[in-house]
4 protein chains.
Amino acid sequence: MNAPSHLLPTLTAIREVMAEHILPLEPDFLNPHLGFRSLLPRLQQVRQHIKDRGLWAPHLPKTYGGMGLTLSEFAHISEELGRSPLGHYAFNCQAPDIGNMELLLAHATDEQKEKYFLPLARGDIRSCFSMTEPEYPGSNPAWLGAVAVKEADTYSISGHKWFTSSADGAAFAVVMAETDPHAEKYRRASMIIVPMDTPGLTLVRNVSVMGHTGEDYATHAEIRYENCRVPLKNLLGPEGEGFALAQERLGPGRIHHCMRWIGISERAFELMCQYAATRQVAPGKLLGEQGAVQGWIAESRAEINAARLLVLHTAEKIDAEGQYAARDDISLIKFYVAGILQRVLDRAIQVHGALGVTDDLPLAYWYRHERAARIYDGPDEVHKASVAKRIFQRYA
Amino acid sequence: MNAPSHLLPTLTAIREVMAEHILPLEPDFLNPHLGFRSLLPRLQQVRQHIKDRGLWAPHLPKTYGGMGLTLSEFAHISEELGRSPLGHYAFNCQAPDIGNMELLLAHATDEQKEKYFLPLARGDIRSCFSMTEPEYPGSNPAWLGAVAVKEADTYSISGHKWFTSSADGAAFAVVMAETDPHAEKYRRASMIIVPMDTPGLTLVRNVSVMGHTGEDYATHAEIRYENCRVPLKNLLGPEGEGFALAQERLGPGRIHHCMRWIGISERAFELMCQYAATRQVAPGKLLGEQGAVQGWIAESRAEINAARLLVLHTAEKIDAEGQYAARDDISLIKFYVAGILQRVLDRAIQVHGALGVTDDLPLAYWYRHERAARIYDGPDEVHKASVAKRIFQRYA
Amino acid sequence: MNAPSHLLPTLTAIREVMAEHILPLEPDFLNPHLGFRSLLPRLQQVRQHIKDRGLWAPHLPKTYGGMGLTLSEFAHISEELGRSPLGHYAFNCQAPDIGNMELLLAHATDEQKEKYFLPLARGDIRSCFSMTEPEYPGSNPAWLGAVAVKEADTYSISGHKWFTSSADGAAFAVVMAETDPHAEKYRRASMIIVPMDTPGLTLVRNVSVMGHTGEDYATHAEIRYENCRVPLKNLLGPEGEGFALAQERLGPGRIHHCMRWIGISERAFELMCQYAATRQVAPGKLLGEQGAVQGWIAESRAEINAARLLVLHTAEKIDAEGQYAARDDISLIKFYVAGILQRVLDRAIQVHGALGVTDDLPLAYWYRHERAARIYDGPDEVHKASVAKRIFQRYA
Amino acid sequence: MNAPSHLLPTLTAIREVMAEHILPLEPDFLNPHLGFRSLLPRLQQVRQHIKDRGLWAPHLPKTYGGMGLTLSEFAHISEELGRSPLGHYAFNCQAPDIGNMELLLAHATDEQKEKYFLPLARGDIRSCFSMTEPEYPGSNPAWLGAVAVKEADTYSISGHKWFTSSADGAAFAVVMAETDPHAEKYRRASMIIVPMDTPGLTLVRNVSVMGHTGEDYATHAEIRYENCRVPLKNLLGPEGEGFALAQERLGPGRIHHCMRWIGISERAFELMCQYAATRQVAPGKLLGEQGAVQGWIAESRAEINAARLLVLHTAEKIDAEGQYAARDDISLIKFYVAGILQRVLDRAIQVHGALGVTDDLPLAYWYRHERAARIYDGPDEVHKASVAKRIFQRYA
């Protein structure tokens, strides 16, 4: 639906790659006895194949090996990739790396680009983003515990982070820390690039999330920074601009999630329809003849269509006017699409009955790991409040 | 949001007319001691003003005095008109007349056009559509009790109808009756034009709906047809095509409702924001600071935006491919937008507290009279089932 | 369900009265062309019949002509009466009089009892409760605009009230006004008895609510008090205790509403089942065979059962420990049962289709007039917040 | 709330055991790197301690080492145990064993009791219940694929089962299989006791559910029976009574789940309150001051209270009139309490933000493994339909 015609050949090519190379990896990905690391060799092959077909890193400019798409073009691609938990990774546009790539592309020095951005764009290394802290609310990124103190020509970072996703196996972290506690509230923090092997950085544990600690890319680390020293030149962007950069990073990050969620929703919808249209609940009587199931199908169809239109509309607005102009739209889709995703997954599981909670299908995986969709990058309530407050300003 | 630039001057003109001429009539419209009839002289003046400004009947071709808009252009206009309960009437694009105009334009003979369509297009007369029957489910238009028997050169119609909206004061009814009980299920009924003063037609009562029988345009009549004879030439379209014509009439009818509901929703949203942003719940403490209210504002904003995009998308599809191609989209928006309308109205009332249930605002009027939005032109459940069944066909 | 056996004969008697005397009045009550006043003569006869059968004023002690029931016994009676919009009125336990009776019984002087309580208990007069003000939030009864200034041996009351329900035709109002603006927040107001014919009291209008201004008992008045003087002895309870008395009055008032709502819900449930079990949607195919309808029936059954148990449990707690101990329970049922009521009514209407929005059934009446159930005596959000805050105190 | 006073000492004792012995095991239970088997030695000690305190097997008659409680007494105990995922196991009243114990107690021969029931009651062995089949809908237990053919003095069982919970490590299975394909629909199946080491029984795999295959008790097995022969005397109850016995077993089974879910909900509620009342979202600003959070707290409190009253009421009805009389009540609580459980868990997670999806708390465990609450022992929709159909019979 709605994809512009010039994108259709690309979408067709991507669907082929997904069907031939990504979906066959799913059963192993969903197998709790196989870790993510065991998939890496095969993923490496698939990534090479994707590069060969010219579909690599669709979000990046062509100069850097990408497809040079606008955000609204990328939305269509991202939906397609979202249909499998491995899609974005295979095409090197997975969070948190995609956000870090965008951040580095916009703000890195030439040296930083050479050292961190280019290997990331090539898929040679991975990265992580170390902002959230267990002792402070993630919903309030202006209130941090981590500090970076200038000592000679270094920043000495001390702090406690968690949900530093994909830190396990990453080459570097972008760390958010307070550089000036006396500055105005939104100018206290800065972003600093910290190689993972820097002394003083300890990956305490991969936090167990929804029953799994995971490994490698599929992790959420707890990290301690204790007098962890990096050169001053590892500062990313200007000092005191950490909060502003975080907002800049999170805006597109949120819409990226929304695009992916639509892909997940479409896959869940398809599985649900397939099952309802063929499963017998009594001899000759199909599951899909039940009114409750028909209701869920129709409601899901309407909701996914609505979600896609809202996301595309927001992407177009960002393309045309920038993400600041679209910040309300971004907040709206963040909670709205997350809500739809959760409902569609819930219905798809209910339609499948016992099968729905097994790992024979990807539904239970998404049910577990996308519960956090209503939390990460700002819980629903925070987005609702900030939209409402801005709306009220027009009426006060 | 989203209106194409060439429409903007028209929209501005319409907003002026709404603000200067329509909104001032609202208090009297909402006053339970004043009937609709008492508004007619002033409405007549407003209608003339609208004609003078070239904004009359935006849905009609210019040949017939209209604005010659496409459906997706009309969507933007219709939303604007929907912001007041009197908007569509003033611009002569109110249901059920708009549906009858479209029907006659497509299927009337030249004589029928002259006699019924042209006066309708000019706003000189009103009409009604007599299909629903108390003894048979309105959700199943292929199952009717009314019959039209050929006797010499007349049809003799006998039947019992209700919810023949706006029959009181109408010049004619389009009546749906069975002309061939032995035909295939969907070819049994025909549509016949019946002047309201035809002997045998008795307007039994204006059914009391949500506390009001109403009068003139604002009514839902119960009608008995007893050997009510009209010439054979009053047949509208081919014999046996009543069901097909009803579908053809109801498709755009449904999207017209959706457009209007978005206008209602926007007005309710505005009232809610205005009140929340200014009403004190304690000295210096605004209602809009409450989290629950902020949640409703944000959810309503997301939902209305989503609804509008879905409706516009459907209108564009109908413009491009016809309503048959868009019948699933029409069913989806029918229940989806009706649901959003009800939720937004409910929240707007709750935000206003006691004021919300009074007739000092239009909210309570819409709360009462748009409860039927989830029922008329097909209850939610019927639309959901028909969409789901068509979807399943692709998976069977 | 759950009624103790000693109450069964009374319940049977009440059901007979309802069936024989109250339900037959409903069509006229629902007829928008007949005002409440036109029903009075017949209601008067029914009231006499109820007195003769010993079923009068079930909430009052036997000394005052009542049935001397506990609150939890009354709960069962009240549910039965709630099945018709006229039930409570007929048995003289209608709001706002029931609340005023309880207030006067507990706090009136002997002279006040003689003059106001006894005629009220006999049903000879009606009364109203004048607290809510348009300019101040009803949700915050400690913030008032009305003042009562002592002048010689009178209170001179000035203020602006609305939603003084049933003021039209009442003999007196209990008015809440500030007697000491300098007192501690919750000790500023007092309650004063004001005969309706006192100079300075103007019934400005019966506010139009949900399309009707109503008349006599069925009204919600806007009232202005302008130097409206009554003797000091008209003070009800101690000066400065207005807020405390209001809380005392509103607690049972809220549970009375809940009891009644369960009766409404049961009636709606019955109508819905009756229709679903007998209405054909296609030849030989019953409405009740639809999965959506089955879902609503089962959900409604569970919800009403749950609501009743919660209300009975709260009534027992009030009987045993007093309403202060049960104030959280009262807040919980206030919003919970109101929510269930609204959902059940909504489903019952949807099941009936077009018939559901007509006044041929009482559903549309309740849909309109019980929308305010989530607002009057404290909007949902206020009750939720106060419960939550008290719960948090245990965890802080 | 609501526990009869004679139970209070027992409840106090159980709370002590939970606090001192069960809750300390939770972190290891939730640790994905430790299997259930590693907990067994410690659980064994706890079980002995519970026996020593006279709290063992509260559901069993005292003759068999239990506490001899009625179902409504057990409800209070079960809620308390449900507060931890290990509670029921520790007290030997865990599904599926509790259901099998009840089944054997009512229908086993003396020999079967000696061999299977007594060791189960003592906690020396575990058991499983093998009914659900992947190829046939679990929602329709009268439609089975497994067959038991009489061959000489044995039943030869062939079939394919899954979701045979806790089969791993069990001593025997109660298998449901068709013994007479020509019998009336509900008399075709029988129940047969099959020791797990019987040749022809293959535990194919522990199905991966919500990301885990689990081990020992914490599993859901797929099992193949291929000419698996057991003596005829292993028939449990009369031949052809399998369906009736299954209903008999599932009725109390469902209410057992509901009791447990209330315990889970209370624990989640407590965690949510604790966090909201103490977590700062900004310096000096508590999470619990947010309106959305307050709303969830109040709604959860109302819903859990309602759920408990419904469950207790149903248990009392079963105690007094038997489970057949209460079958509608059982269906109602099955879906209603499952729905409340899911909502409360969802809110508790949302309140905790990122912490909520980690395994540092038990919320994410229940979120995963109780998603199936709306599926096992009959999906919501099946219960709703069966209740509605029985209700309609009274109106037809």
# chains A, B, ... in the order shown; residues from 1 in each chain; ligands from 1

call {"tool": "residues_around", "arguments": {"residues": "stretch 132-145 of chain A", "least_positions_apart": "4", "cutoff": "6 Å", "atoms": "only C-alpha atoms", "output": "tab-separated table (two decimals) with N, CA and C atoms, in the first residue's frame"}}
result
chain	number	residue	atom	x	y	z
A	161	LYS	N	25.31	2.65	34.03
A	161	LYS	CA	24.33	2.63	32.95
A	161	LYS	C	23.72	1.25	32.83
A	162	TRP	N	22.55	1.18	32.28
A	162	TRP	CA	22.01	-0.12	31.88
A	162	TRP	C	21.17	0.08	30.64
A	186	TYR	N	19.41	21.85	30.41
A	186	TYR	CA	19.52	21.08	29.17
A	186	TYR	C	20.90	21.22	28.51
A	378	GLY	N	11.17	6.68	25.46
A	378	GLY	CA	10.10	7.49	26.05
A	378	GLY	C	8.82	6.72	26.23
D	281	VAL	N	10.81	10.80	39.53
D	281	VAL	CA	10.94	11.02	38.09
D	281	VAL	C	11.63	12.34	37.78

call {"tool": "interface_residues", "arguments": {"of": "chain D", "to": "chain A", "cutoff": "6 Å", "atoms": "only C-alpha atoms", "output": "VMD selection string"}}
result
chain D and resid 32 137 208 to 212 281 353 357 to 359 364 375

call {"tool": "select_by_dssp", "arguments": {"residues": "stretch 81-269 of chain D", "states": "helix (DSSP H, G or I)", "output": "JSON, numbers by chain"}}
result
{"D": [81, 82, 87, 88, 89, 90, 97, 98, 99, 100, 101, 102, 103, 104, 105, 106, 107, 110, 111, 112, 113, 114, 115, 116, 117, 118, 119, 120, 121, 122, 185, 186, 187, 232, 233, 234, 242, 243, 244, 245, 246, 247, 248, 249, 250, 251, 252, 253, 254, 255, 256, 257, 258, 259, 260, 261, 262, 263, 264, 265, 266, 267, 268, 269]}

call {"tool": "residues_around", "arguments": {"residues": "C:Gln45", "least_positions_apart": "6", "cutoff": "10 Å", "atoms": "only C-alpha atoms", "output": "mmCIF file with N, CA and C atoms, in the first residue's frame"}}
result
data_model
loop_
_atom_site.group_PDB
_atom_site.id
_atom_site.type_symbol
_atom_site.label_atom_id
_atom_site.label_comp_id
_atom_site.auth_asym_id
_atom_site.auth_seq_id
_atom_site.Cartn_x
_atom_site.Cartn_y
_atom_site.Cartn_z
ATOM 1 N N HIS C 21 -47.304 -1.624 38.347
ATOM 2 C CA HIS C 21 -47.601 -0.205 38.496
ATOM 3 C C HIS C 21 -46.547 0.734 37.916
ATOM 4 N N LYS C 51 -47.300 2.676 49.957
ATOM 5 C CA LYS C 51 -47.470 2.872 51.402
ATOM 6 C C LYS C 51 -48.388 1.804 51.977
ATOM 7 N N ALA C 90 -41.036 6.464 42.991
ATOM 8 C CA ALA C 90 -42.294 5.889 43.462
ATOM 9 C C ALA C 90 -42.194 5.431 44.918
#

call {"tool": "residues_around", "arguments": {"residues": "stretch 149-153 of chain B", "least_positions_apart": "4", "cutoff": "12 Å", "atoms": "only C-alpha atoms", "output": "PyMOL selection string"}}
result
chain B and resi 157-159+177-181+189-190+192+226-235+239

call {"tool": "closest_residue", "arguments": {"among": "B:Gly35, B:Pro252, B:Gly295, B:Gly263", "to": "B:Asp319", "atoms": "only C-alpha atoms"}}
result
B:Pro252

call {"tool": "select_by_dssp", "arguments": {"residues": "stretch 148-330 of chain B", "states": "strand (DSSP E or B)", "output": "VMD selection string"}}
result
chain B and resid 148 to 151 154 to 165 172 to 178 189 to 195 201 to 206 209 212 220 to 231 235 to 236 280 to 282 285 to 286

call {"tool": "residues_around", "arguments": {"residues": "A:Gln393", "least_positions_apart": "6", "cutoff": "10 Å", "atoms": "only C-alpha atoms", "output": "PyMOL selection string"}}
result
chain B and resi 273-274+277

call {"tool": "residues_around", "arguments": {"residues": "stretch 323-328 of chain C", "least_positions_apart": "4", "cutoff": "9 Å", "atoms": "only C-alpha atoms", "output": "list of chain:residue names"}}
result
C:Glu248, C:Gly251, C:Pro252, C:Thr314, C:Ala315, C:Lys317, C:Ile318, C:Asp319, C:Leu332, C:Ile333, C:His383, C:Ser386, C:Val387, C:Arg390

call {"tool": "residues_around", "arguments": {"residues": "B:Arg249", "least_positions_apart": "6", "cutoff": "8 Å", "atoms": "only C-alpha atoms", "output": "MDAnalysis selection string"}}
result
chainID B and resid 99:100 102:103

call {"tool": "write_last_selection", "arguments": {"atoms": "N, CA and C atoms", "output": "tab-separated table (two decimals), in the first residue's frame"}}
result
chain	number	residue	atom	x	y	z
B	99	GLY	N	-27.18	11.71	-0.93
B	99	GLY	CA	-27.19	10.36	-1.51
B	99	GLY	C	-28.23	10.25	-2.62
B	100	ASN	N	-29.38	10.84	-2.38
B	100	ASN	CA	-30.42	10.79	-3.43
B	100	ASN	C	-29.99	11.56	-4.66
B	102	GLU	N	-26.95	11.94	-5.78
B	102	GLU	CA	-25.99	11.11	-6.51
B	102	GLU	C	-26.67	9.97	-7.26
B	103	LEU	N	-27.67	9.41	-6.57
B	103	LEU	CA	-28.42	8.30	-7.17
B	103	LEU	C	-29.16	8.77	-8.42

call {"tool": "atom_distance", "arguments": {"atom1": "atom CA of B:Met191", "atom2": "atom CA of B:Ala57"}}
result
24.3 Å
